[in-house]
Structures are given as C-alpha cells and as structure tokens.
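To start, the structure itself, in structure tokens.
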Amino acid sequence: MGAYVVRRLLWLIVVLIAVSLVTFVIFYVLPSADPVLLRAGKNPSPEVVQSITHTLGLDRPWYVQYGRYMERLVLHLDLGRSYQNDASVRHLLWDRLPATLALAFGAMVLWLLIGIPLGIFSAVRHRRAGDRVVTGVSLLLISAPVYWLGLVALYVFSADIGKLPWLEGAGSYPTHGTIFTNPGEVVPSLILPWIVLAISFAAIYARFVRGSLVEVLREDYIRTARAKGLPERTVVLKHGMRAAMTPVVTILGLDLGILLGGAILVETVFNVPGIGRLAYDSIQTSDLPMIQGTVLAGAFFIVLLTLVVDLVYAFLDPRVRYGQGAP
Amino acid sequence: MSEPLLDVRDLRVSFATPDGLVRAVDGVSFSVAPGRTLGIVGESGSGKSVAVGTVMGLTRGARGATIAGELRFAGHDLARAGDEELRRLRGDELAMVFQDPMSSLHPLFRVGDQLVEAVRAHRPVGRRAARIRAQDMLGLAGVPEPGRRMEAYPHELSGGLRQRVMIAMALVNEPRLLIADEPTTALDVTVQAQILELLARLRDELGMAMVLVTHDLGVVAQVADDVAVMYAGRVVETGPTLPLLCTPQHPYTWGLLRSMPRLDGPRDAWPVPIAGRPPSPIAPPSGCRFHPRCPSALAPCAAIDPVLQPAGDGTQRAACILPAAVREAERP
C-alpha cells in the first residue's frame with residue numbers, strides 16, 4: 001500500500017510536468033494578445049516595450065523560458081510572477097483557494113443531499129410514473145447551461161438587482177475575508193452559486209445513482225437479502241446502496257477534482273474570487289504565469305483526487321487490494 | 001397423510017414481456033408434509049425456479065408478473081398475505097438456498113455480519129447473542145474454524161464453503177421448510193455430494209421439510225421422499241421417489257432417465273438425449289405439451305391436454321393419455 005502511494009505521487013509529478021509543458025507550448029503556438037502591450041499601457045514607446053519584453057524574459061526562446069520557469073518551480077516551489085501586476089502567482093492562488101474550496105464543497109454537499117435521495121426514489125420506482133418524472137426533470141436540468149442558470153438566478157434572486165431579493169447578501173461576494181474568517185458575509189453570498197452549481201450536478205447524480213442502484217437491485221445477493229426476511233428499506237438502503245455507492249464515489253472524486261481547479265463559469269457569473277475566476281481573468285490578459293499556475297492547480301487537484309478515490313476504493317470494496325501487480 | 005405444511009394449488013405465474021405473455025408456471029399443484037422432502041425435477045425453463053420463488057414471494061415485485069392460485073403454508077395464506085406478513089415468515093419459518101453461492105452472498109459485507117443480520121431480522125436478541133448463534137450454525141453447516149470465517153468476506157471463501165454459509169444463513173432461525181433451488185449445480189462434483197449430505201443431515205437434525213429443485217434425478221434419488229417432474233410450466237408426473245424412478249409413467253420422465261449416464265447398465269448403453277427443444281413458454285404446443293418431442297405420441301396427443309391421473313401402482317400420478325399397456329411396453 002505504501003509503495004503504491006509513493007508510486008502514484010511520483011506519477012502526479014510526471015503529469016504536472018507534462019501539463020505545464022503543454023500549457024507553455026499552447027501559449028506560444030496559438031495566437032494570443034501580446035502580454036507586453038497589455039502591460040505597457042496606451043501608446044508605449046519602443047524603448048518601454050523592449051524593456052518590458054526583457055524584464056519578462058520574453059526575448060528568449062520559449063524553451064529557455066520554460067527551463068527557467070521549471071527551475072524556479074522545482075527549486076523554490078515558485079510559480080513565477082504575474083505579467084500584469086508582478087504579484088506572486090503562488091500567493092494569489094493561495095488567496096483564491098478558500099473561495100473555490102467553499103464553493104466546491106458547499107455545492108457538493110447540496111447536490112449529494114438532493115441527487116442521492118432522488119436517485120434512490122427513482123430506482124425503487126423503476127420505470128413507473130415517479131421515476132419518469134425524476135429522470136425527465138433531471139435531463140432538463142442537465143441540459144440547462146450553468147451560465148444561463150446563473151444569470152437567471154441573479155436576475156430573480158440577487159440582493160441588488162433581483163426581482164425577488166429575498167436572499168440577503170446573495171450574489172455579491174464580500175470584498176474581504178474568507179469563509180473561515182468572515183462566514184457571516186461569505187455564506188449568504190454563496191447561496192446562489194451553490195444552488196446553481198449543485199442543480200446540474202444533482203441531476204447528473206440522481207441519474208447516476210438510479211442507474212447504479214437499478215443494476216444492483218437485480219443482483220442475486222439482493223434476492224438473498226429479501227429471502228432473509230429483511231425489511232425492503234434495509235434491502236434497498238443497506239444492501240443496495242452499499243454496493244451502488246462505489247461507482248458514485250469514483251465520479252464524485254473526479255468532479256470534485258475538476259471543481260477544485262476552479263468552477264470557471266459559476267465563479268465568473270457570480271464574481272466569486274476563486275481559482276476559476278483567476279484563470280478566466282488571466283486568459284483575458286494573456287498572463288502566462290498566471291494561466292500556468294491555475295492550470296497546474298487544476299491538474300494537481302484532479303490527479304490528487306483520483307489517487308484519493310483509488311485509496312478510498314480499497315476501504316469500500318474488500319476485493320480491491322493494491323499490491324505489486326497494481327498500476 | 002398428515003396435514004401438509006406447504007400446499008400449492010393450481011399455481012399460475014405469468015410475465016408480460018414485449019414478445020408476449022410468458023406463462024412460466026401454468027397450473028402447478030404440489031404439497032409437502034412436515035419433515036418430508038419433495039424433489040422438483042425438470043429442464044431449465046420448466047418453471048421450477050419460478051414456482052418455488054413464488055412460494056417465497058420473490059416474484060411479487062417482478063415487472064409484469066401476474067400470480068394466481070393458492071399457496072398455503074403452516075396456516076398462512078401466502079398468496080393473499082401482506083408484504084409484512086410474508087417478510088416475517090421469510091428467513092424464519094420459510095427459508096431458501098439459491099443456486100449460485102458466488103453471487104448470492106453480498107460481496108461487501110463480512111460473512112458473520114450477514115448471518116447476524118438474518119438472526120436479528122427475526123429474533124429480538126443482541127448482537128453478541130446473535131453472533132454466538134451465527135457461529136454455532138456455521139459450525140453445524142460444516143464450516144471449519146467458524147470463528148475465523150465470521151470475519152471473512154465471501155470472496156475469500158471457496159464455492160463449497162460459500163454454499164455452506166448460505167445454508168447456515170437459511171437455517172439459522174430453524175425454519176420449518178427449506179427451499180433449495182439447485183443448491184449443488186454451481187459446485188464442483190466432489191463438493192456436490194457433501195452439500196447434499198449436509199442438507200439431508202440438517203433436515204433430519206432440525207426436523208424440517210424441504211423442497212429440492214434440481215435437474216438431476218440422481219440428486220432426487222439420494223434425498224427426496226417424493227418427486228414432482230415439471231415440463232413447460234406443468235407437473236407431468238408425481239409420486240413417491242422409489243416407484244417413480246423404478247416405474248416411471250410419463251414419457252418425459254423416461255426421457256430424463258435415459259439421458260442420465262448409468263454405471264449399472266450395459267457397457268455400450270450411452271445416455272440418450274431427449275430430441276428437440278423445450279417449447280416456447282409464450283406459445284406452447286396444443287394438446288400435451290410434450291407431444292412434439294414424445295417418441296410414443298399418438299394422434300390424439302396433439303389435441304387432448306392431459307391432466308394428472310393415478311397411474312402405475314396407484315401412488316403415482318401422470319399427465320399422459322397413453323394406454324397402460326403401451327406404457328408398460330415402451331418404458332425403459
């Protein structure tokens with residue numbers, strides 16, 4: 001088990017190096033705005049442009065730039081400085097992390113609380129009226145784009161411009177503090193983003209739990225549980241869900257990994273100062289070190305959560321054991 | 001004959017499918033007296049598993065299932081019983097062992113916990129008392145080192161051990177009737193005999209009755225007191241085991257016997273399979289359902305749907321219109 005984890009962590013580093021290289025190459029191969037001009041202001045003199053180009057190291061070949069970047073990253077865990085305002089990328093990421101964490105975990109709790117019970121309901125009423133309503137509505141919600149849902153939610157419920165401003169503080173993230181230091185203001189501001197982010201996930205999870213549970217309920221061991229004289233409740237919730245949850249945990253880990261890298265659309269629509277918003281802004285300004293930082297953060301979370309899922313699997317399913325033969 | 005423990009009268013189970021109505025069980029009657037063992041024999045698809053599953057109430061929730069007929073068990077009307085009444089009986093007075101022990105145990109729960117759960121579903125006892133009971137039962141079912149096996153997961157046990165666990169789980173509340181649905185089919189031949197022996201021993205020790213579903217006449221000969229032969233959703237012949245196997249009255253039973261390899265026959269006597277295939281349960285043949293495959297069929301067999309009638313020495317009953325003289329002449 002220990003050797004397995006070490007091997008997977010080494011693999012994590014390989015993935016991050018590959019991701020950073022790809023990001024670098026894409027940035028240079030694909031057309032983008034010139035970060036120097038964006039930084040230099042209106043009508044800069046050629047000397048200013050040249051000086052900025054030199055300061056940012058952009059007068060060197062891309063592989064030299066990449067080499068320097070990796071050198072700083074590996075030796076000092078330094079992600080470089082923003083082309084735009086010279087701020088440390090590492091510090092900025094760190095500052096933005098709490099908002100992303102709060103958004104992702106809050107939404108996750110919400111979508112699990114909604115999606116799992118609906119999925120169970122749907123599975124035990126397989127192909128009957130209740131099931132059809134749930135699967136139909138969830139298909140509708142899965143199809144609704146999250147930025148559209150977000151704008152509708154703001155239009156209806158936001159505290160300032162909303163038609164029904166019932167939620168105090170909704171829609172405007174406070175200018176200071178995190179969910180840990182200023183929960184009184186942060187939590188109300190996150191209610192709409194949580195709901196909007198959770199809605200489509202809840203719909204996806206309802207369908208996924210339904211599918212998984214419907215399969216499990218056909219298994220022989222469910223028939224055994226019924227033959228033992230267990231109440232139907234125990235048969236479904238204990239014997240059925242225990243087996244049906246394993247695949248759900250897998251996609252939950254992946255979804256969470258992706259969201260921790262920043263929920264770009266929701267963070268942008270609701271102006272939540274998270275990693276996703278940071279990524280969006282840095283792409284707008286062709287701020288390579290910042291883009292690189294947010295991409296690496298996203299890749300890091302995805303690979304890390306995949307590892308966590310695999311480790312959790314060994315606890316969920318006694319048949320899974322990681323040893324010499326495991327990848 | 002004493003009051004039967006289980007009495008099934010004219011049981012009909014059908015399933016609505018996109019291809020049409022599947023009449024899996026089409027008017028089946030049998031009964032089991034306390035302490036006796038009934039063997040139900042037939043090919044795959046003859047409806048034997050559906051019939052006993054219906055006794056357990058396991059086909060109730062199935063999609064498109066229609067169930068009719070009478071099911072009486074120890075003073076209970078199983079056909080009209082509420083779900084809760086049925087649940088109380090299942091696993092307590094009425095228990096079942098299934099064909100495939102590989103898939104019939106929950107893969108994610110420990111063996112001990114699955115047994116304890118069976119005890120506590122029916123007895124108001126604490127966890128500790130239930131564990132003691134469960135462990136005793138494992139030992140009784142011939143599981144070596146039962147204390148250690150309680151902590152094992154099913155995948156850590158062999159097929160034979162798993163079936164012993166299944167048997168222990170079914171018998172942990174000392175049921176009055178055990179339904180065993182092909183309990184040895186999925187096991188190695190060497191283990192099959194042990195499991196049969198175990199079932200017979202526990203039946204005698206616990207004084208319970210048993211319904212043993214199988215396609216193997218050898219199994220029936222070994223443990224059953226009475227036999228019902230099923231074909232295409234019907235019972236075609238029934239009677240005490242010995243006369244039924246020695247003087248079978250229905251051509252289908254002859255076919256089953258001929259298709260078995262024998263050690264006591266002449267050296268060049270190979271098993272003879274029954275020609276043709278089992279009929280479609282959606283559109284069964286007219287008249288006797290076996291007539292298209294019957295080597296002795298007469299012209300009226302395609303028109304007359306036979307009912308069970310006394311045959312042979314009088315303890316047997318067979319659903320066949322062939323004259324007694326013809327049967328005597330053609331029986332193997």
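Just remember, in the structure tokens the first chain shown is A, the second B, etc., residues are 1-based per chain, and ligands are 1-based in the order shown.
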
Contact residues around stretch 37-47 of chain A with only C-alpha atoms at 9 Å, ignoring same-chain residues under 2 positions, as a PyMOL selection string: chain A and resi 33-35+49-52+83-85+285-286

Show me a table, sorted first by chain and then by increasing residue number, of the residues of chain A having an atom at most 9 Å from chain B, each with its shortest atom pair and the distance in Å to one decimal, counting only C-alpha atoms and written as a Markdown table.
```
| residue | atom | partner | partner_atom | distance |
| --- | --- | --- | --- | --- |
| A:Glu219 | CA | B:Ser103 | CA | 7.4 |
| A:Asp220 | CA | B:Ser104 | CA | 4.8 |
| A:Tyr221 | CA | B:Ser104 | CA | 4.2 |
| A:Ile222 | CA | B:His106 | CA | 7.7 |
| A:Arg223 | CA | B:Leu58 | CA | 7.3 |
| A:Thr224 | CA | B:Ser104 | CA | 6.0 |
| A:Ala225 | CA | B:His106 | CA | 8.4 |
| A:Arg226 | CA | B:Leu58 | CA | 7.6 |
| A:Ala227 | CA | B:Arg90 | CA | 5.7 |
| A:Lys228 | CA | B:Gly91 | CA | 4.1 |
| A:Gly229 | CA | B:Arg90 | CA | 4.6 |
| A:Leu230 | CA | B:Ala121 | CA | 5.9 |
| A:Pro231 | CA | B:Arg87 | CA | 6.9 |
| A:Glu232 | CA | B:Arg87 | CA | 8.8 |
| A:His239 | CA | B:His106 | CA | 7.4 |
| A:Arg242 | CA | B:Leu108 | CA | 7.6 |
| A:Ala243 | CA | B:Leu108 | CA | 7.1 |
| A:Leu316 | CA | B:Leu108 | CA | 7.7 |
| A:Asp317 | CA | B:Leu108 | CA | 6.0 |
| A:Pro318 | CA | B:Leu108 | CA | 6.5 |
| A:Arg319 | CA | B:His155 | CA | 7.0 |
```

For A:Thr306: contacts at 9 Å, only C-alpha atoms, fewer than 4 positions along chain excluded, given as a ChimeraX atom specification: /A:250,253-254,257,301-302,310-311

For the residues in the current selection, export all heavy atoms as a PDB file, in the first residue's frame.
```pdb
ATOM      1  N   THR A 250     -16.432   7.182  -7.294  1.00  0.00           N
ATOM      2  CA  THR A 250     -15.450   7.424  -8.354  1.00  0.00           C
ATOM      3  C   THR A 250     -15.720   8.734  -9.074  1.00  0.00           C
ATOM      4  O   THR A 250     -14.834   9.585  -9.197  1.00  0.00           O
ATOM      5  CB  THR A 250     -15.520   6.290  -9.403  1.00  0.00           C
ATOM      6  OG1 THR A 250     -15.516   5.059  -8.727  1.00  0.00           O
ATOM      7  CG2 THR A 250     -14.343   6.373 -10.339  1.00  0.00           C
ATOM      8  N   GLY A 253     -15.147  11.870  -6.895  1.00  0.00           N
ATOM      9  CA  GLY A 253     -13.755  12.286  -6.782  1.00  0.00           C
ATOM     10  C   GLY A 253     -13.323  13.085  -7.990  1.00  0.00           C
ATOM     11  O   GLY A 253     -12.707  14.147  -7.861  1.00  0.00           O
ATOM     12  N   LEU A 254     -13.668  12.607  -9.173  1.00  0.00           N
ATOM     13  CA  LEU A 254     -13.265  13.313 -10.397  1.00  0.00           C
ATOM     14  C   LEU A 254     -13.927  14.689 -10.480  1.00  0.00           C
ATOM     15  O   LEU A 254     -13.273  15.695 -10.759  1.00  0.00           O
ATOM     16  CB  LEU A 254     -13.634  12.481 -11.626  1.00  0.00           C
ATOM     17  CG  LEU A 254     -12.807  11.218 -11.820  1.00  0.00           C
ATOM     18  CD1 LEU A 254     -13.286  10.444 -13.026  1.00  0.00           C
ATOM     19  CD2 LEU A 254     -11.328  11.581 -11.973  1.00  0.00           C
ATOM     20  N   GLY A 257     -12.368  17.024  -8.050  1.00  0.00           N
ATOM     21  CA  GLY A 257     -11.044  17.423  -8.526  1.00  0.00           C
ATOM     22  C   GLY A 257     -11.143  18.529  -9.560  1.00  0.00           C
ATOM     23  O   GLY A 257     -10.417  19.523  -9.512  1.00  0.00           O
ATOM     24  N   PHE A 301      -5.188  19.041  -8.533  1.00  0.00           N
ATOM     25  CA  PHE A 301      -6.366  18.566  -7.800  1.00  0.00           C
ATOM     26  C   PHE A 301      -6.980  17.328  -8.451  1.00  0.00           C
ATOM     27  O   PHE A 301      -7.417  16.403  -7.779  1.00  0.00           O
ATOM     28  CB  PHE A 301      -7.415  19.677  -7.681  1.00  0.00           C
ATOM     29  CG  PHE A 301      -7.077  20.681  -6.617  1.00  0.00           C
ATOM     30  CD1 PHE A 301      -6.927  22.021  -6.934  1.00  0.00           C
ATOM     31  CD2 PHE A 301      -6.888  20.277  -5.310  1.00  0.00           C
ATOM     32  CE1 PHE A 301      -6.608  22.939  -5.951  1.00  0.00           C
ATOM     33  CE2 PHE A 301      -6.568  21.195  -4.319  1.00  0.00           C
ATOM     34  CZ  PHE A 301      -6.427  22.537  -4.640  1.00  0.00           C
ATOM     35  N   ILE A 302      -7.033  17.336  -9.779  1.00  0.00           N
ATOM     36  CA  ILE A 302      -7.640  16.186 -10.459  1.00  0.00           C
ATOM     37  C   ILE A 302      -6.844  14.914 -10.180  1.00  0.00           C
ATOM     38  O   ILE A 302      -7.392  13.878  -9.796  1.00  0.00           O
ATOM     39  CB  ILE A 302      -7.745  16.448 -11.980  1.00  0.00           C
ATOM     40  CG1 ILE A 302      -8.784  17.534 -12.236  1.00  0.00           C
ATOM     41  CG2 ILE A 302      -8.132  15.161 -12.720  1.00  0.00           C
ATOM     42  CD1 ILE A 302      -8.852  17.992 -13.672  1.00  0.00           C
ATOM     43  N   ASP A 310      -8.952   6.156  -5.469  1.00  0.00           N
ATOM     44  CA  ASP A 310      -8.423   4.796  -5.525  1.00  0.00           C
ATOM     45  C   ASP A 310      -8.155   4.251  -4.128  1.00  0.00           C
ATOM     46  O   ASP A 310      -8.360   3.066  -3.861  1.00  0.00           O
ATOM     47  CB  ASP A 310      -7.141   4.752  -6.359  1.00  0.00           C
ATOM     48  CG  ASP A 310      -7.451   4.880  -7.843  1.00  0.00           C
ATOM     49  OD1 ASP A 310      -8.637   4.775  -8.193  1.00  0.00           O
ATOM     50  OD2 ASP A 310      -6.523   5.090  -8.637  1.00  0.00           O
ATOM     51  N   LEU A 311      -7.679   5.128  -3.240  1.00  0.00           N
ATOM     52  CA  LEU A 311      -7.406   4.671  -1.879  1.00  0.00           C
ATOM     53  C   LEU A 311      -8.705   4.402  -1.139  1.00  0.00           C
ATOM     54  O   LEU A 311      -8.830   3.421  -0.404  1.00  0.00           O
ATOM     55  CB  LEU A 311      -6.568   5.714  -1.131  1.00  0.00           C
ATOM     56  CG  LEU A 311      -5.175   5.939  -1.724  1.00  0.00           C
ATOM     57  CD1 LEU A 311      -4.380   6.937  -0.894  1.00  0.00           C
ATOM     58  CD2 LEU A 311      -4.408   4.629  -1.801  1.00  0.00           C
TER      59      LEU A 311
END
```

Report the residues of stretch 88-302 of chain B whose backbone DSSP state falls under strand (DSSP E or B), written as a compact mmCIF listing (two decimals) with N, CA, C and O atoms, in the first residue's frame.
```
# COMPACT_ATOMS: atom_id res chain seq x y z
N ARG B 90 -40.45 -15.20 5.89
CA ARG B 90 -39.22 -15.43 5.12
C ARG B 90 -37.99 -15.36 6.00
O ARG B 90 -37.82 -14.39 6.74
N LEU B 94 -39.69 -20.04 6.81
CA LEU B 94 -39.61 -20.42 5.41
C LEU B 94 -38.28 -19.87 4.89
O LEU B 94 -38.08 -18.67 4.90
N ALA B 95 -37.37 -20.75 4.51
CA ALA B 95 -36.06 -20.24 4.11
C ALA B 95 -35.67 -20.81 2.76
O ALA B 95 -36.25 -21.78 2.29
N MET B 96 -34.68 -20.16 2.14
CA MET B 96 -34.32 -20.59 0.80
C MET B 96 -32.81 -20.52 0.59
O MET B 96 -32.13 -19.62 1.07
N VAL B 97 -32.31 -21.51 -0.14
CA VAL B 97 -30.91 -21.54 -0.55
C VAL B 97 -30.90 -21.48 -2.08
O VAL B 97 -31.69 -22.16 -2.73
N LEU B 177 -39.57 -25.09 6.80
CA LEU B 177 -39.44 -25.54 5.41
C LEU B 177 -38.24 -24.85 4.76
O LEU B 177 -38.09 -23.64 4.85
N LEU B 178 -37.38 -25.66 4.15
CA LEU B 178 -36.26 -25.10 3.40
C LEU B 178 -36.49 -25.35 1.92
O LEU B 178 -36.76 -26.49 1.51
N ILE B 179 -36.40 -24.29 1.13
CA ILE B 179 -36.47 -24.45 -0.31
C ILE B 179 -35.05 -24.33 -0.85
O ILE B 179 -34.38 -23.32 -0.63
N ALA B 180 -34.58 -25.38 -1.50
CA ALA B 180 -33.22 -25.35 -2.04
C ALA B 180 -33.33 -25.39 -3.56
O ALA B 180 -33.77 -26.39 -4.13
N ASP B 181 -32.95 -24.28 -4.20
CA ASP B 181 -33.10 -24.16 -5.65
C ASP B 181 -31.77 -24.50 -6.32
O ASP B 181 -30.86 -23.69 -6.34
N ALA B 209 -38.97 -29.68 6.79
CA ALA B 209 -39.33 -30.20 5.48
C ALA B 209 -38.48 -29.49 4.44
O ALA B 209 -37.90 -28.45 4.71
N MET B 210 -38.40 -30.09 3.25
CA MET B 210 -37.53 -29.48 2.24
C MET B 210 -38.14 -29.63 0.85
O MET B 210 -38.76 -30.65 0.54
N VAL B 211 -37.98 -28.59 0.07
CA VAL B 211 -38.30 -28.68 -1.36
C VAL B 211 -36.98 -28.53 -2.08
O VAL B 211 -36.28 -27.53 -1.92
N LEU B 212 -36.60 -29.54 -2.84
CA LEU B 212 -35.31 -29.53 -3.50
C LEU B 212 -35.53 -29.44 -5.01
O LEU B 212 -36.06 -30.36 -5.62
N VAL B 213 -35.16 -28.30 -5.58
CA VAL B 213 -35.32 -28.11 -7.02
C VAL B 213 -34.03 -28.54 -7.71
O VAL B 213 -32.95 -28.14 -7.29
N THR B 214 -34.14 -29.37 -8.73
CA THR B 214 -32.93 -29.84 -9.40
C THR B 214 -33.27 -30.31 -10.80
O THR B 214 -34.43 -30.54 -11.13
N ASP B 226 -40.54 -37.62 -2.10
CA ASP B 226 -41.50 -37.55 -3.20
C ASP B 226 -40.89 -36.73 -4.32
O ASP B 226 -39.99 -35.93 -4.09
N VAL B 227 -41.42 -36.93 -5.52
CA VAL B 227 -40.89 -36.22 -6.68
C VAL B 227 -42.04 -35.62 -7.48
O VAL B 227 -43.10 -36.23 -7.60
N ALA B 228 -41.81 -34.41 -7.99
CA ALA B 228 -42.72 -33.85 -8.99
C ALA B 228 -41.87 -33.52 -10.20
O ALA B 228 -40.86 -32.83 -10.09
N VAL B 229 -42.24 -34.07 -11.37
CA VAL B 229 -41.49 -33.80 -12.59
C VAL B 229 -42.21 -32.67 -13.33
O VAL B 229 -43.41 -32.77 -13.60
N MET B 230 -41.49 -31.61 -13.62
CA MET B 230 -42.11 -30.47 -14.31
C MET B 230 -41.66 -30.39 -15.75
O MET B 230 -40.50 -30.64 -16.07
N TYR B 231 -42.61 -30.02 -16.62
CA TYR B 231 -42.28 -29.79 -18.02
C TYR B 231 -43.13 -28.64 -18.53
O TYR B 231 -44.36 -28.66 -18.38
N ARG B 234 -45.72 -27.12 -16.17
CA ARG B 234 -46.72 -28.02 -15.57
C ARG B 234 -46.02 -29.17 -14.86
O ARG B 234 -44.90 -29.53 -15.21
N VAL B 235 -46.75 -29.79 -13.91
CA VAL B 235 -46.27 -31.04 -13.33
C VAL B 235 -46.81 -32.16 -14.22
O VAL B 235 -48.01 -32.27 -14.43
N VAL B 236 -45.91 -32.97 -14.81
CA VAL B 236 -46.37 -34.04 -15.70
C VAL B 236 -46.41 -35.39 -15.00
O VAL B 236 -47.10 -36.30 -15.45
N GLU B 237 -45.65 -35.52 -13.92
CA GLU B 237 -45.70 -36.78 -13.17
C GLU B 237 -45.28 -36.53 -11.74
O GLU B 237 -44.39 -35.71 -11.48
N THR B 238 -45.95 -37.21 -10.82
CA THR B 238 -45.60 -37.03 -9.41
C THR B 238 -45.87 -38.32 -8.65
O THR B 238 -46.71 -39.13 -9.07
N GLY B 239 -45.13 -38.49 -7.56
CA GLY B 239 -45.32 -39.71 -6.77
C GLY B 239 -44.14 -39.92 -5.84
O GLY B 239 -43.17 -39.17 -5.89
N PRO B 240 -44.21 -40.96 -5.01
CA PRO B 240 -43.08 -41.28 -4.13
C PRO B 240 -41.84 -41.60 -4.97
O PRO B 240 -41.97 -42.15 -6.08
```

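Distance-wise, atom CA of B:Pro281 and atom CA of B:Pro306 end up 17.6 Å apart.
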
At a cut-off of 12 Å, using only C-alpha atoms, what residues contact B:Gln309? Leave out same-chain residues fewer than 3 positions from it and give the result as JSON, numbers by chain. {"B": [235, 236, 237, 238, 239, 249, 250, 306, 312, 313, 314, 315, 316, 317, 318, 319, 320, 321, 322, 324]}

All alpha helix (DSSP H) positions in stretch 83-290 of chain B, as a PyMOL selection string: chain B and resi 83-89+101-104+111-120+127-140+146-149+159-171+189-206+217-223+241-246+251-258

Would you write out those residues with C-alpha atoms, as a CSV table (one decimal), in the first residue's frame?
```csv
chain,number,residue,atom,x,y,z
B,83,ASP,CA,-45.8,-7.9,2.4
B,84,GLU,CA,-45.1,-7.6,6.1
B,85,GLU,CA,-46.7,-11.0,7.0
B,86,LEU,CA,-44.6,-12.6,4.2
B,87,ARG,CA,-41.4,-10.8,5.4
B,88,ARG,CA,-41.9,-12.2,8.9
B,89,LEU,CA,-42.2,-15.7,7.5
B,101,PRO,CA,-23.3,-19.2,-3.9
B,102,MET,CA,-20.8,-16.9,-5.7
B,103,SER,CA,-23.3,-14.2,-6.4
B,104,SER,CA,-25.8,-14.9,-3.6
B,111,VAL,CA,-19.9,-13.4,6.4
B,112,GLY,CA,-20.6,-13.1,10.1
B,113,ASP,CA,-22.5,-9.8,9.7
B,114,GLN,CA,-24.7,-11.3,7.0
B,115,LEU,CA,-25.6,-14.2,9.3
B,116,VAL,CA,-26.1,-11.9,12.3
B,117,GLU,CA,-28.5,-9.8,10.3
B,118,ALA,CA,-30.5,-12.9,9.4
B,119,VAL,CA,-30.8,-13.7,13.1
B,120,ARG,CA,-31.7,-10.2,14.2
B,127,ARG,CA,-25.5,-8.5,18.6
B,128,ARG,CA,-23.5,-10.7,20.9
B,129,ALA,CA,-26.1,-13.4,21.2
B,130,ALA,CA,-26.8,-13.3,17.5
B,131,ARG,CA,-23.1,-13.8,16.8
B,132,ILE,CA,-22.9,-16.8,19.0
B,133,ARG,CA,-25.9,-18.3,17.3
B,134,ALA,CA,-24.5,-17.5,13.9
B,135,GLN,CA,-21.1,-19.0,14.7
B,136,ASP,CA,-22.8,-22.2,16.0
B,137,MET,CA,-24.8,-22.5,12.9
B,138,LEU,CA,-21.7,-22.1,10.7
B,139,GLY,CA,-20.1,-25.0,12.6
B,140,LEU,CA,-23.2,-27.1,12.2
B,146,PRO,CA,-16.3,-20.8,12.1
B,147,GLY,CA,-15.0,-18.1,14.5
B,148,ARG,CA,-12.4,-17.1,11.9
B,149,ARG,CA,-14.8,-17.4,8.9
B,159,GLY,CA,-17.6,-22.1,-3.6
B,160,GLY,CA,-18.4,-25.1,-1.4
B,161,LEU,CA,-17.7,-23.0,1.8
B,162,ARG,CA,-19.9,-20.2,0.4
B,163,GLN,CA,-22.8,-22.6,-0.1
B,164,ARG,CA,-22.3,-23.9,3.4
B,165,VAL,CA,-22.5,-20.2,4.6
B,166,MET,CA,-25.7,-19.8,2.5
B,167,ILE,CA,-27.1,-22.9,4.1
B,168,ALA,CA,-26.2,-21.8,7.6
B,169,MET,CA,-27.8,-18.4,6.9
B,170,ALA,CA,-31.0,-20.0,5.7
B,171,LEU,CA,-31.2,-22.4,8.6
B,189,VAL,CA,-18.8,-32.6,-8.4
B,190,THR,CA,-16.8,-33.6,-5.4
B,191,VAL,CA,-18.4,-30.8,-3.3
B,192,GLN,CA,-21.9,-31.5,-4.6
B,193,ALA,CA,-22.2,-34.8,-2.7
B,194,GLN,CA,-21.0,-33.2,0.5
B,195,ILE,CA,-23.5,-30.4,0.3
B,196,LEU,CA,-26.4,-32.8,-0.4
B,197,GLU,CA,-25.3,-34.9,2.6
B,198,LEU,CA,-25.2,-31.8,4.7
B,199,LEU,CA,-28.7,-30.7,3.6
B,200,ALA,CA,-30.1,-34.2,4.4
B,201,ARG,CA,-28.4,-34.3,7.8
B,202,LEU,CA,-29.5,-30.8,8.8
B,203,ARG,CA,-33.0,-31.6,7.6
B,204,ASP,CA,-33.1,-34.6,9.9
B,205,GLU,CA,-31.5,-32.8,12.8
B,206,LEU,CA,-33.7,-29.8,12.6
B,217,LEU,CA,-32.5,-37.2,-11.0
B,218,GLY,CA,-29.5,-38.6,-9.1
B,219,VAL,CA,-29.9,-35.9,-6.5
B,220,VAL,CA,-33.5,-36.6,-6.2
B,221,ALA,CA,-32.9,-40.3,-5.7
B,222,GLN,CA,-30.5,-39.5,-2.9
B,223,VAL,CA,-32.6,-37.2,-0.7
B,241,THR,CA,-39.5,-41.4,-5.2
B,242,LEU,CA,-38.9,-45.1,-5.4
B,243,PRO,CA,-41.8,-46.1,-7.6
B,244,LEU,CA,-41.5,-43.0,-9.7
B,245,LEU,CA,-37.8,-43.8,-10.6
B,246,CYS,CA,-38.4,-47.6,-10.9
B,251,PRO,CA,-42.6,-40.5,-21.4
B,252,TYR,CA,-40.9,-37.3,-20.4
B,253,THR,CA,-39.7,-39.0,-17.2
B,254,TRP,CA,-38.5,-41.9,-19.3
B,255,GLY,CA,-36.5,-39.4,-21.4
B,256,LEU,CA,-34.9,-37.8,-18.3
B,257,LEU,CA,-33.9,-41.3,-17.0
B,258,ARG,CA,-32.5,-42.3,-20.4
```

Just want the 12 Å neighbourhood of B:Gly276, counted on only C-alpha atoms, with same-chain residues fewer than 3 positions away dropped. Output as a ChimeraX atom specification. /B:255,273,279-280,290-295

Å distance separating atom CA of A:Leu112 from atom CA of A:Leu192, one decimal place: 16.7 Å

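Non-sequential neighbours of stretch 140-149 of chain A (distance at most 10 Å, separation of 5 or more positions within a chain, only C-alpha atoms) are Val134, Thr135, Leu154, Tyr155, Pro193, Ile195, Val196, Leu197, Ala198, Ile199, Ser200, Phe201, Ala202, Ala203, Ile204, Arg207, Ile264, Leu265, Val266, Glu267, Thr268, Val269 and Phe270 of chain A.
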
Could the residues in this selection be saved with C-alpha atoms as a CSV table (one decimal), in the first residue's frame?
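What landed in selection.csv:
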```
chain,number,residue,atom,x,y,z
A,134,VAL,CA,-37.4,12.4,-11.9
A,135,THR,CA,-35.5,11.3,-14.9
A,154,LEU,CA,-29.1,36.5,-10.5
A,155,TYR,CA,-31.9,38.2,-12.3
A,193,PRO,CA,-23.7,30.0,-6.6
A,195,ILE,CA,-27.6,26.2,-5.8
A,196,VAL,CA,-26.7,26.9,-9.5
A,197,LEU,CA,-23.6,24.7,-9.4
A,198,ALA,CA,-25.5,22.0,-7.5
A,199,ILE,CA,-28.5,21.8,-9.7
A,200,SER,CA,-27.0,20.2,-12.7
A,201,PHE,CA,-24.7,18.0,-10.6
A,202,ALA,CA,-27.7,16.9,-8.5
A,203,ALA,CA,-29.5,16.0,-11.7
A,204,ILE,CA,-26.5,14.0,-13.0
A,207,ARG,CA,-29.5,9.7,-12.8
A,264,ILE,CA,-14.8,28.9,-14.1
A,265,LEU,CA,-18.4,29.6,-15.3
A,266,VAL,CA,-20.1,29.9,-11.9
A,267,GLU,CA,-17.2,31.9,-10.4
A,268,THR,CA,-17.3,34.3,-13.3
A,269,VAL,CA,-21.1,34.8,-13.4
A,270,PHE,CA,-21.3,35.3,-9.6
```

Write out as a list in words each polymer residue whose atoms come within 12 Å of A:Thr181, counting only C-alpha atoms; drop sequence neighbours fewer than 5 positions from it. Pro98, Ala99, Pro174, His176, Val186 and Val187 of chain A
